[in-house]
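Trainee: My questions will all concern the structure given below.
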Amino acid sequence: MSEKCNFVFDMLFVRNIRYLFAALLPVLFIIPIKAVQRHDYNGIASCEGFSVGEDDGGGLRFVETEYDFGTLREERGVVTHSFSFSNGGSVPVSIVSASTTCGCTVASYPRGPVMPSESSSIEVSFDPKERPGRFEKVVTVTTSEGGAAVRLRIRGNVIPRERTTEESYPFYIGDGLRLESNFHSFSYIMRGRDMRTSIGIVNTSDKARNLRITGGGIYRTEYPSVLGAGERGKIYIVCNVARSSDIYGTVTESLHIDIDGRRSDAEITITGIVVDNSDDIDEISAPSAVLNKNIIKFGGVKRDGGVHRATFEIANAGETTLYVRAIEGVASGTTLSIGRGESIAAGQSREVTVTIDPSKMRYGPNTERIRFIFNDPLRPMREVKVTAVVSDF
């Protein structure tokens, strides 16, 4: 099947899958789902006698495959549990790997074969440092027998240790004032919807400090104008882009901080991507952007070899008009045959030409990440990566 046919098929599939989801949604809540029985964990958990190669009566048999550490204090440090097993088969079995889901969990296992009737264990260690709250980690064990992997699970709840002021407020902005953070991303900012966050501030000095925060553009701030000695407070950052505004796409602003009338060298950076409010769009009939390529590779191009062109398609698999709200990340030397404000009718597609001029690009590898902002409520942003290597040859 040709690339064009494949793309049309994908577009129709995306469009029809919405109807299927809408039809099945009520059923999903009606059909009873049998819950998996769980034990009240108090040390050793469940799945006693679990066996790798259980169908033929052989393989490694684990005493348990889950363990609950209960409540841990962070300052206690690394904790370890041994998952014991035996070889119930008639041939030696080796553990090929025991992979974990994050760097906080480490599994140690015997490197040599486990002989028939022999026992051994896998030691699973968890480091609670900087990981407060509930946790559940998985160790995936594969053996020389092949077949399904064994999944060992550990869980628990970490009580965080008491933080120093410097740890809780790591960003020093001058005159004894410190911040919890100097950056915040709102991710998607929906027009007409209030977005709000806060950043903690503390005065570690022995005198009150006057505070003034300016800048911010679309981001407003609320904060204490005076922060007493040893006092803690909050800087609230509020954003509400009106539905009638023409602002779309990434908006990054800096907040400037004055302490006792003097400008601090420190700033707070706030960013977000302004998109249409999904409350205004019917998701079933909404527009749906489908791109047939997410990377365009021009390969090696000569600096004085003239312009180069490549194409990709944007299709609308929805039932209402798809609009290009914003295009970002287009570097010098690159142009597109589509622009902000252009539209694609329901069920239609648009071929987009990407043109690069190597004479306006730097020597060596060039990578652009062109971001399209659409009125697609499910995925408002799409990205196309454009690469080229510029040389004299």
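Here's how to read the names in the structure tokens: chain A, B, ... by the order shown, residue numbers from 1 in each chain, ligand numbers from 1 in the order shown.
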Run DSSP on the backbone and give me the residues of segment 115-265 of chain A it puts in strand (DSSP E), as a short mmCIF file (atom, residue, chain, number, x, y, z; two decimals) with N, CA and C atoms, in the first residue's frame.

Mentor:
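Written file, part_5.cif:
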```
data_model
loop_
_atom_site.label_atom_id
_atom_site.label_comp_id
_atom_site.auth_asym_id
_atom_site.auth_seq_id
_atom_site.Cartn_x
_atom_site.Cartn_y
_atom_site.Cartn_z
N SER A 119 18.03 -23.37 46.64
CA SER A 119 17.31 -22.14 46.93
C SER A 119 18.25 -20.95 46.86
N SER A 120 17.70 -19.80 46.58
CA SER A 120 18.47 -18.56 46.54
C SER A 120 17.51 -17.40 46.74
N SER A 121 17.97 -16.20 46.46
CA SER A 121 17.08 -15.05 46.66
C SER A 121 17.51 -13.89 45.77
N ILE A 122 16.58 -12.98 45.56
CA ILE A 122 16.84 -11.70 44.88
C ILE A 122 16.66 -10.61 45.93
N GLU A 123 17.71 -9.83 46.12
CA GLU A 123 17.68 -8.75 47.11
C GLU A 123 17.22 -7.47 46.40
N VAL A 124 16.10 -6.91 46.84
CA VAL A 124 15.57 -5.67 46.26
C VAL A 124 15.69 -4.56 47.28
N SER A 125 16.42 -3.51 46.91
CA SER A 125 16.66 -2.38 47.82
C SER A 125 15.99 -1.12 47.29
N PHE A 126 15.46 -0.34 48.21
CA PHE A 126 14.80 0.92 47.86
C PHE A 126 15.42 2.05 48.67
N GLY A 133 6.09 10.13 50.49
CA GLY A 133 4.77 9.66 50.10
C GLY A 133 4.75 8.20 49.71
N ARG A 134 3.61 7.78 49.17
CA ARG A 134 3.42 6.38 48.77
C ARG A 134 4.32 6.04 47.59
N PHE A 135 4.80 4.80 47.56
CA PHE A 135 5.57 4.34 46.41
C PHE A 135 5.21 2.89 46.11
N GLU A 136 5.35 2.51 44.85
CA GLU A 136 5.24 1.13 44.41
C GLU A 136 6.20 0.95 43.25
N LYS A 137 7.13 0.01 43.38
CA LYS A 137 8.15 -0.23 42.37
C LYS A 137 8.10 -1.69 41.93
N VAL A 138 8.48 -1.91 40.68
CA VAL A 138 8.43 -3.24 40.09
C VAL A 138 9.81 -3.66 39.62
N VAL A 139 10.17 -4.91 39.92
CA VAL A 139 11.39 -5.53 39.40
C VAL A 139 10.97 -6.65 38.45
N THR A 140 11.39 -6.56 37.21
CA THR A 140 11.03 -7.56 36.20
C THR A 140 12.16 -8.57 36.06
N VAL A 141 11.85 -9.84 36.34
CA VAL A 141 12.85 -10.90 36.37
C VAL A 141 12.66 -11.81 35.16
N THR A 142 13.71 -11.97 34.38
CA THR A 142 13.69 -12.93 33.27
C THR A 142 14.73 -14.02 33.54
N THR A 143 14.42 -15.23 33.07
CA THR A 143 15.29 -16.38 33.34
C THR A 143 15.68 -17.08 32.05
N VAL A 150 8.76 -12.73 35.62
CA VAL A 150 8.20 -12.60 36.96
C VAL A 150 8.33 -11.14 37.38
N ARG A 151 7.28 -10.59 37.95
CA ARG A 151 7.32 -9.20 38.41
C ARG A 151 7.24 -9.17 39.94
N LEU A 152 8.31 -8.70 40.53
CA LEU A 152 8.36 -8.54 41.98
C LEU A 152 8.00 -7.10 42.32
N ARG A 153 7.13 -6.92 43.29
CA ARG A 153 6.66 -5.58 43.64
C ARG A 153 7.01 -5.25 45.08
N ILE A 154 7.45 -4.01 45.29
CA ILE A 154 7.62 -3.49 46.64
C ILE A 154 6.80 -2.21 46.74
N ARG A 155 6.32 -1.94 47.93
CA ARG A 155 5.53 -0.74 48.14
C ARG A 155 5.75 -0.26 49.55
N GLY A 156 5.26 0.91 49.83
CA GLY A 156 5.38 1.47 51.17
C GLY A 156 5.02 2.95 51.16
N ASN A 157 5.27 3.59 52.29
CA ASN A 157 4.96 5.01 52.44
C ASN A 157 6.12 5.68 53.17
N VAL A 158 6.71 6.70 52.55
CA VAL A 158 7.88 7.37 53.11
C VAL A 158 7.45 8.64 53.85
N ILE A 159 7.80 8.73 55.13
CA ILE A 159 7.60 9.94 55.92
C ILE A 159 8.83 10.82 55.70
N PHE A 171 16.59 28.81 46.47
CA PHE A 171 16.99 29.90 45.57
C PHE A 171 17.11 31.21 46.35
N TYR A 172 18.35 31.67 46.52
CA TYR A 172 18.63 32.89 47.26
C TYR A 172 18.49 34.08 46.32
N ILE A 173 17.69 35.08 46.73
CA ILE A 173 17.46 36.24 45.84
C ILE A 173 18.00 37.53 46.44
N GLY A 174 18.65 37.43 47.60
CA GLY A 174 19.29 38.61 48.18
C GLY A 174 18.64 39.09 49.46
N LEU A 177 16.36 36.84 51.60
CA LEU A 177 15.15 36.25 51.04
C LEU A 177 15.49 35.05 50.16
N ARG A 178 14.68 34.01 50.29
CA ARG A 178 14.88 32.77 49.53
C ARG A 178 13.54 32.31 48.94
N LEU A 179 13.61 31.62 47.78
CA LEU A 179 12.43 31.13 47.09
C LEU A 179 12.42 29.61 47.04
N PHE A 183 11.02 29.05 38.86
CA PHE A 183 10.44 28.69 37.56
C PHE A 183 9.12 27.95 37.77
N HIS A 184 8.18 28.23 36.86
CA HIS A 184 6.94 27.45 36.86
C HIS A 184 6.40 27.37 35.43
N SER A 185 5.95 26.18 35.06
CA SER A 185 5.30 25.97 33.77
C SER A 185 3.84 25.60 34.00
N PHE A 186 2.94 26.36 33.38
CA PHE A 186 1.52 26.05 33.46
C PHE A 186 1.10 24.96 32.48
N SER A 187 2.03 24.49 31.64
CA SER A 187 1.69 23.56 30.57
C SER A 187 0.67 24.24 29.67
N TYR A 188 -0.53 23.64 29.47
CA TYR A 188 -1.54 24.27 28.64
C TYR A 188 -2.33 25.29 29.45
N ILE A 189 -2.46 26.49 28.89
CA ILE A 189 -3.29 27.55 29.49
C ILE A 189 -4.53 27.68 28.62
N MET A 190 -5.68 27.26 29.14
CA MET A 190 -6.92 27.32 28.37
C MET A 190 -7.55 28.71 28.49
N MET A 195 -6.01 30.10 35.84
CA MET A 195 -4.87 29.24 36.16
C MET A 195 -4.13 29.91 37.31
N ARG A 196 -3.73 29.12 38.29
CA ARG A 196 -3.15 29.69 39.50
C ARG A 196 -2.11 28.75 40.08
N THR A 197 -1.01 29.31 40.54
CA THR A 197 0.01 28.54 41.24
C THR A 197 0.65 29.44 42.29
N SER A 198 1.51 28.87 43.12
CA SER A 198 2.19 29.67 44.14
C SER A 198 3.62 29.21 44.30
N ILE A 199 4.47 30.13 44.73
CA ILE A 199 5.87 29.86 45.03
C ILE A 199 6.16 30.41 46.42
N GLY A 200 6.70 29.57 47.28
CA GLY A 200 6.99 29.99 48.64
C GLY A 200 8.18 30.93 48.71
N ILE A 201 8.14 31.85 49.69
CA ILE A 201 9.23 32.79 49.93
C ILE A 201 9.44 32.89 51.44
N VAL A 202 10.68 33.03 51.87
CA VAL A 202 11.00 33.15 53.29
C VAL A 202 12.03 34.25 53.49
N ASN A 203 11.91 34.95 54.61
CA ASN A 203 12.86 35.98 54.99
C ASN A 203 13.73 35.43 56.11
N ARG A 209 11.53 43.03 55.32
CA ARG A 209 11.93 43.40 53.96
C ARG A 209 10.70 43.81 53.16
N ASN A 210 10.85 44.93 52.42
CA ASN A 210 9.81 45.37 51.51
C ASN A 210 9.97 44.65 50.18
N LEU A 211 8.87 44.21 49.63
CA LEU A 211 8.90 43.38 48.43
C LEU A 211 8.03 44.01 47.34
N ARG A 212 8.58 44.00 46.11
CA ARG A 212 7.81 44.47 44.95
C ARG A 212 8.17 43.59 43.76
N ILE A 213 7.13 43.09 43.07
CA ILE A 213 7.34 42.21 41.92
C ILE A 213 6.65 42.84 40.72
N THR A 214 7.40 42.99 39.63
CA THR A 214 6.87 43.61 38.42
C THR A 214 7.10 42.70 37.22
N GLY A 215 6.52 43.08 36.08
CA GLY A 215 6.64 42.28 34.87
C GLY A 215 5.60 41.19 34.88
N TYR A 219 0.77 37.17 33.06
CA TYR A 219 0.77 36.56 34.39
C TYR A 219 0.72 37.66 35.46
N ARG A 220 -0.29 37.61 36.32
CA ARG A 220 -0.42 38.56 37.42
C ARG A 220 0.14 37.95 38.71
N THR A 221 0.55 38.80 39.63
CA THR A 221 1.12 38.31 40.89
C THR A 221 0.38 38.91 42.08
N GLU A 222 0.29 38.11 43.15
CA GLU A 222 -0.22 38.55 44.44
C GLU A 222 0.79 38.10 45.48
N VAL A 226 5.27 43.35 52.52
CA VAL A 226 6.31 43.36 53.57
C VAL A 226 6.40 41.95 54.14
N LEU A 227 7.62 41.46 54.28
CA LEU A 227 7.86 40.13 54.85
C LEU A 227 8.72 40.31 56.09
N ARG A 232 7.46 33.53 56.62
CA ARG A 232 7.27 32.82 55.36
C ARG A 232 5.99 33.31 54.69
N GLY A 233 6.00 33.30 53.36
CA GLY A 233 4.83 33.75 52.63
C GLY A 233 4.71 33.04 51.29
N LYS A 234 3.75 33.49 50.49
CA LYS A 234 3.52 32.91 49.18
C LYS A 234 3.44 34.01 48.12
N ILE A 235 4.05 33.74 46.99
CA ILE A 235 3.86 34.57 45.81
C ILE A 235 2.88 33.82 44.91
N TYR A 236 1.69 34.37 44.71
CA TYR A 236 0.69 33.73 43.87
C TYR A 236 0.81 34.28 42.45
N ILE A 237 0.80 33.35 41.50
CA ILE A 237 0.89 33.72 40.08
C ILE A 237 -0.41 33.29 39.42
N VAL A 238 -1.10 34.24 38.83
CA VAL A 238 -2.43 34.01 38.29
C VAL A 238 -2.43 34.35 36.80
N CYS A 239 -3.14 33.52 36.03
CA CYS A 239 -3.22 33.75 34.59
C CYS A 239 -4.64 33.47 34.12
N GLY A 249 -0.28 29.98 21.72
CA GLY A 249 1.08 29.47 21.71
C GLY A 249 1.82 29.74 22.99
N THR A 250 3.13 29.56 22.94
CA THR A 250 3.98 29.66 24.13
C THR A 250 4.15 31.11 24.55
N VAL A 251 3.91 31.36 25.84
CA VAL A 251 4.13 32.69 26.41
C VAL A 251 5.05 32.52 27.61
N THR A 252 6.25 33.08 27.52
CA THR A 252 7.23 33.01 28.61
C THR A 252 7.54 34.42 29.08
N GLU A 253 7.42 34.65 30.36
CA GLU A 253 7.65 35.98 30.94
C GLU A 253 8.56 35.87 32.15
N SER A 254 9.24 36.99 32.46
CA SER A 254 10.09 37.06 33.64
C SER A 254 9.49 38.03 34.65
N LEU A 255 9.49 37.61 35.92
CA LEU A 255 9.05 38.47 37.02
C LEU A 255 10.28 39.08 37.67
N HIS A 256 10.31 40.41 37.77
CA HIS A 256 11.44 41.12 38.38
C HIS A 256 11.13 41.41 39.85
N ILE A 257 12.14 41.26 40.70
CA ILE A 257 11.94 41.35 42.15
C ILE A 257 12.75 42.52 42.69
N ASP A 258 12.07 43.43 43.39
CA ASP A 258 12.74 44.52 44.10
C ASP A 258 12.64 44.26 45.59
N ILE A 259 13.78 44.35 46.28
CA ILE A 259 13.84 44.16 47.73
C ILE A 259 14.32 45.46 48.35
N ARG A 262 15.59 47.93 45.86
CA ARG A 262 16.73 47.58 45.00
C ARG A 262 16.37 46.36 44.16
N ARG A 263 16.70 46.41 42.86
CA ARG A 263 16.40 45.32 41.95
C ARG A 263 17.33 44.12 42.22
N SER A 264 16.73 42.97 42.44
CA SER A 264 17.50 41.74 42.63
C SER A 264 17.97 41.21 41.28
N ASP A 265 19.12 40.56 41.28
CA ASP A 265 19.59 39.92 40.05
C ASP A 265 18.75 38.70 39.70
#
```

Trainee: With only C-alpha atoms as the atoms that count, which of A:Arg371, A:Arg193, A:Lys297, A:Arg61 lies nearest to Val114 of chain A?

Mentor: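 Residue with the minimum atom-to-atom distance to Val114 of chain A: A:Arg61.
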
Trainee: Measuring between only C-alpha atoms, which one of A:Asn316, A:Thr100, A:Thr367, A:Thr105 shows the shortest distance to Ala331 of chain A?

Mentor: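 Looking at the shortest contact to Ala331 of chain A, the residue is A:Thr367.
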
Trainee: Could you give me, as number ranges by chain, the residues within 9 Å of Thr353 of chain A, counting only C-alpha atoms and dropping anything in the same chain fewer than 5 positions from it?

Mentor: A: 309-313, 335-338

Trainee: Write the selection just made, keeping N, CA and C atoms, as a PDB file, in the first residue's frame?

Mentor:
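Result went into part-v7.pdb, see below:
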```pdb
ATOM      1  N   ARG A 309      13.667  21.461  -0.626  1.00  0.00           N
ATOM      2  CA  ARG A 309      12.271  21.386  -0.215  1.00  0.00           C
ATOM      3  C   ARG A 309      11.884  19.954   0.144  1.00  0.00           C
ATOM      4  N   ALA A 310      10.950  19.857   1.081  1.00  0.00           N
ATOM      5  CA  ALA A 310      10.341  18.574   1.454  1.00  0.00           C
ATOM      6  C   ALA A 310       8.901  18.854   1.867  1.00  0.00           C
ATOM      7  N   THR A 311       8.084  17.834   1.857  1.00  0.00           N
ATOM      8  CA  THR A 311       6.669  18.035   2.178  1.00  0.00           C
ATOM      9  C   THR A 311       6.179  17.045   3.229  1.00  0.00           C
ATOM     10  N   PHE A 312       5.112  17.442   3.902  1.00  0.00           N
ATOM     11  CA  PHE A 312       4.356  16.540   4.757  1.00  0.00           C
ATOM     12  C   PHE A 312       2.902  16.980   4.699  1.00  0.00           C
ATOM     13  N   GLU A 313       2.013  16.192   5.251  1.00  0.00           N
ATOM     14  CA  GLU A 313       0.587  16.513   5.190  1.00  0.00           C
ATOM     15  C   GLU A 313      -0.015  16.674   6.581  1.00  0.00           C
ATOM     16  N   THR A 335      11.309  28.177   5.818  1.00  0.00           N
ATOM     17  CA  THR A 335       9.978  28.731   5.596  1.00  0.00           C
ATOM     18  C   THR A 335       8.975  27.592   5.412  1.00  0.00           C
ATOM     19  N   LEU A 336       7.703  27.899   5.713  1.00  0.00           N
ATOM     20  CA  LEU A 336       6.619  26.929   5.560  1.00  0.00           C
ATOM     21  C   LEU A 336       5.567  27.500   4.618  1.00  0.00           C
ATOM     22  N   SER A 337       4.863  26.601   3.943  1.00  0.00           N
ATOM     23  CA  SER A 337       3.811  27.034   3.014  1.00  0.00           C
ATOM     24  C   SER A 337       2.459  27.146   3.687  1.00  0.00           C
ATOM     25  N   ILE A 338       2.428  27.117   5.014  1.00  0.00           N
ATOM     26  CA  ILE A 338       1.200  27.302   5.785  1.00  0.00           C
ATOM     27  C   ILE A 338       1.496  28.273   6.907  1.00  0.00           C
TER      28      ILE A 338
END
```

Trainee: DSSP on the backbone, then: every residue of segment 96-194 of chain A marked alpha helix (DSSP H), written as a VMD selection string.

Mentor: chain A and resid 165 to 168

Trainee: For a quick check of understanding, using only C-alpha atoms, which of A:Glu167, A:Glu74, A:Asp206, A:Asp376 has the smallest distance to Asp280 of chain A?

Mentor: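 Of A:Glu167, A:Glu74, A:Asp206, A:Asp376, the one nearest Asp280 of chain A is A:Asp376, counting only C-alpha atoms.
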
Trainee: Env of Ser94 of chain A: 7 Å cut, atoms = only C-alpha atoms, seq-sep filter 2 positions within chain, self excluded. Answer as a ChimeraX atom specification.

Mentor: /A:92,96,112-114,143-144

Trainee: I need the residues from that last selection saved to file as a PDB file, in the first residue's frame (with all heavy atoms), if you can.

Mentor:
```pdb
ATOM      1  N   PRO A  92      19.252 -26.900  35.626  1.00  0.00           N
ATOM      2  CA  PRO A  92      19.692 -25.626  36.185  1.00  0.00           C
ATOM      3  C   PRO A  92      18.971 -24.455  35.498  1.00  0.00           C
ATOM      4  O   PRO A  92      18.681 -24.499  34.308  1.00  0.00           O
ATOM      5  CB  PRO A  92      21.194 -25.599  35.906  1.00  0.00           C
ATOM      6  CG  PRO A  92      21.566 -27.031  35.692  1.00  0.00           C
ATOM      7  CD  PRO A  92      20.379 -27.673  35.054  1.00  0.00           C
ATOM      8  N   VAL A  96      18.557 -14.173  34.075  1.00  0.00           N
ATOM      9  CA  VAL A  96      19.202 -13.404  33.015  1.00  0.00           C
ATOM     10  C   VAL A  96      19.258 -11.929  33.373  1.00  0.00           C
ATOM     11  O   VAL A  96      20.268 -11.254  33.165  1.00  0.00           O
ATOM     12  CB  VAL A  96      18.456 -13.607  31.680  1.00  0.00           C
ATOM     13  CG1 VAL A  96      19.050 -12.725  30.585  1.00  0.00           C
ATOM     14  CG2 VAL A  96      18.482 -15.064  31.272  1.00  0.00           C
ATOM     15  N   GLY A 112      25.231 -16.989  38.875  1.00  0.00           N
ATOM     16  CA  GLY A 112      25.414 -18.344  38.359  1.00  0.00           C
ATOM     17  C   GLY A 112      24.102 -19.099  38.306  1.00  0.00           C
ATOM     18  O   GLY A 112      23.067 -18.635  38.780  1.00  0.00           O
ATOM     19  N   PRO A 113      24.102 -20.316  37.719  1.00  0.00           N
ATOM     20  CA  PRO A 113      22.882 -21.115  37.637  1.00  0.00           C
ATOM     21  C   PRO A 113      22.432 -21.603  39.013  1.00  0.00           C
ATOM     22  O   PRO A 113      23.247 -21.869  39.902  1.00  0.00           O
ATOM     23  CB  PRO A 113      23.275 -22.278  36.737  1.00  0.00           C
ATOM     24  CG  PRO A 113      24.761 -22.387  36.869  1.00  0.00           C
ATOM     25  CD  PRO A 113      25.262 -20.992  37.072  1.00  0.00           C
ATOM     26  N   VAL A 114      21.139 -21.713  39.189  1.00  0.00           N
ATOM     27  CA  VAL A 114      20.550 -22.287  40.400  1.00  0.00           C
ATOM     28  C   VAL A 114      20.218 -23.737  40.074  1.00  0.00           C
ATOM     29  O   VAL A 114      19.396 -24.015  39.196  1.00  0.00           O
ATOM     30  CB  VAL A 114      19.294 -21.517  40.829  1.00  0.00           C
ATOM     31  CG1 VAL A 114      18.693 -22.144  42.089  1.00  0.00           C
ATOM     32  CG2 VAL A 114      19.619 -20.045  41.067  1.00  0.00           C
ATOM     33  N   THR A 143      14.421 -15.234  33.074  1.00  0.00           N
ATOM     34  CA  THR A 143      15.293 -16.375  33.343  1.00  0.00           C
ATOM     35  C   THR A 143      15.684 -17.077  32.052  1.00  0.00           C
ATOM     36  O   THR A 143      15.150 -16.788  30.974  1.00  0.00           O
ATOM     37  CB  THR A 143      14.584 -17.395  34.263  1.00  0.00           C
ATOM     38  OG1 THR A 143      13.574 -18.072  33.508  1.00  0.00           O
ATOM     39  CG2 THR A 143      13.959 -16.712  35.465  1.00  0.00           C
ATOM     40  N   SER A 144      16.620 -18.011  32.190  1.00  0.00           N
ATOM     41  CA  SER A 144      17.094 -18.771  31.030  1.00  0.00           C
ATOM     42  C   SER A 144      16.020 -19.691  30.472  1.00  0.00           C
ATOM     43  O   SER A 144      16.154 -20.220  29.373  1.00  0.00           O
ATOM     44  CB  SER A 144      18.333 -19.591  31.415  1.00  0.00           C
ATOM     45  OG  SER A 144      18.043 -20.455  32.511  1.00  0.00           O
TER      46      SER A 144
END
```

Trainee: Could you name the residues that touch Lys293 of chain A at 12 Å or less, counting only C-alpha atoms, but leaving out those on the same chain fewer than 2 positions away, as a ChimeraX atom specification?

Mentor: /A:3-4,6-7,290-291,295-297,310-315,351-352,382-386

Trainee: Counting only C-alpha atoms, figure out which residue out of A:Phe374, A:Ala388, A:Ala242, A:Ser349 gets nearest to Asp194 of chain A.

Mentor: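 Under the stated criterion, the closest residue is A:Ala242.
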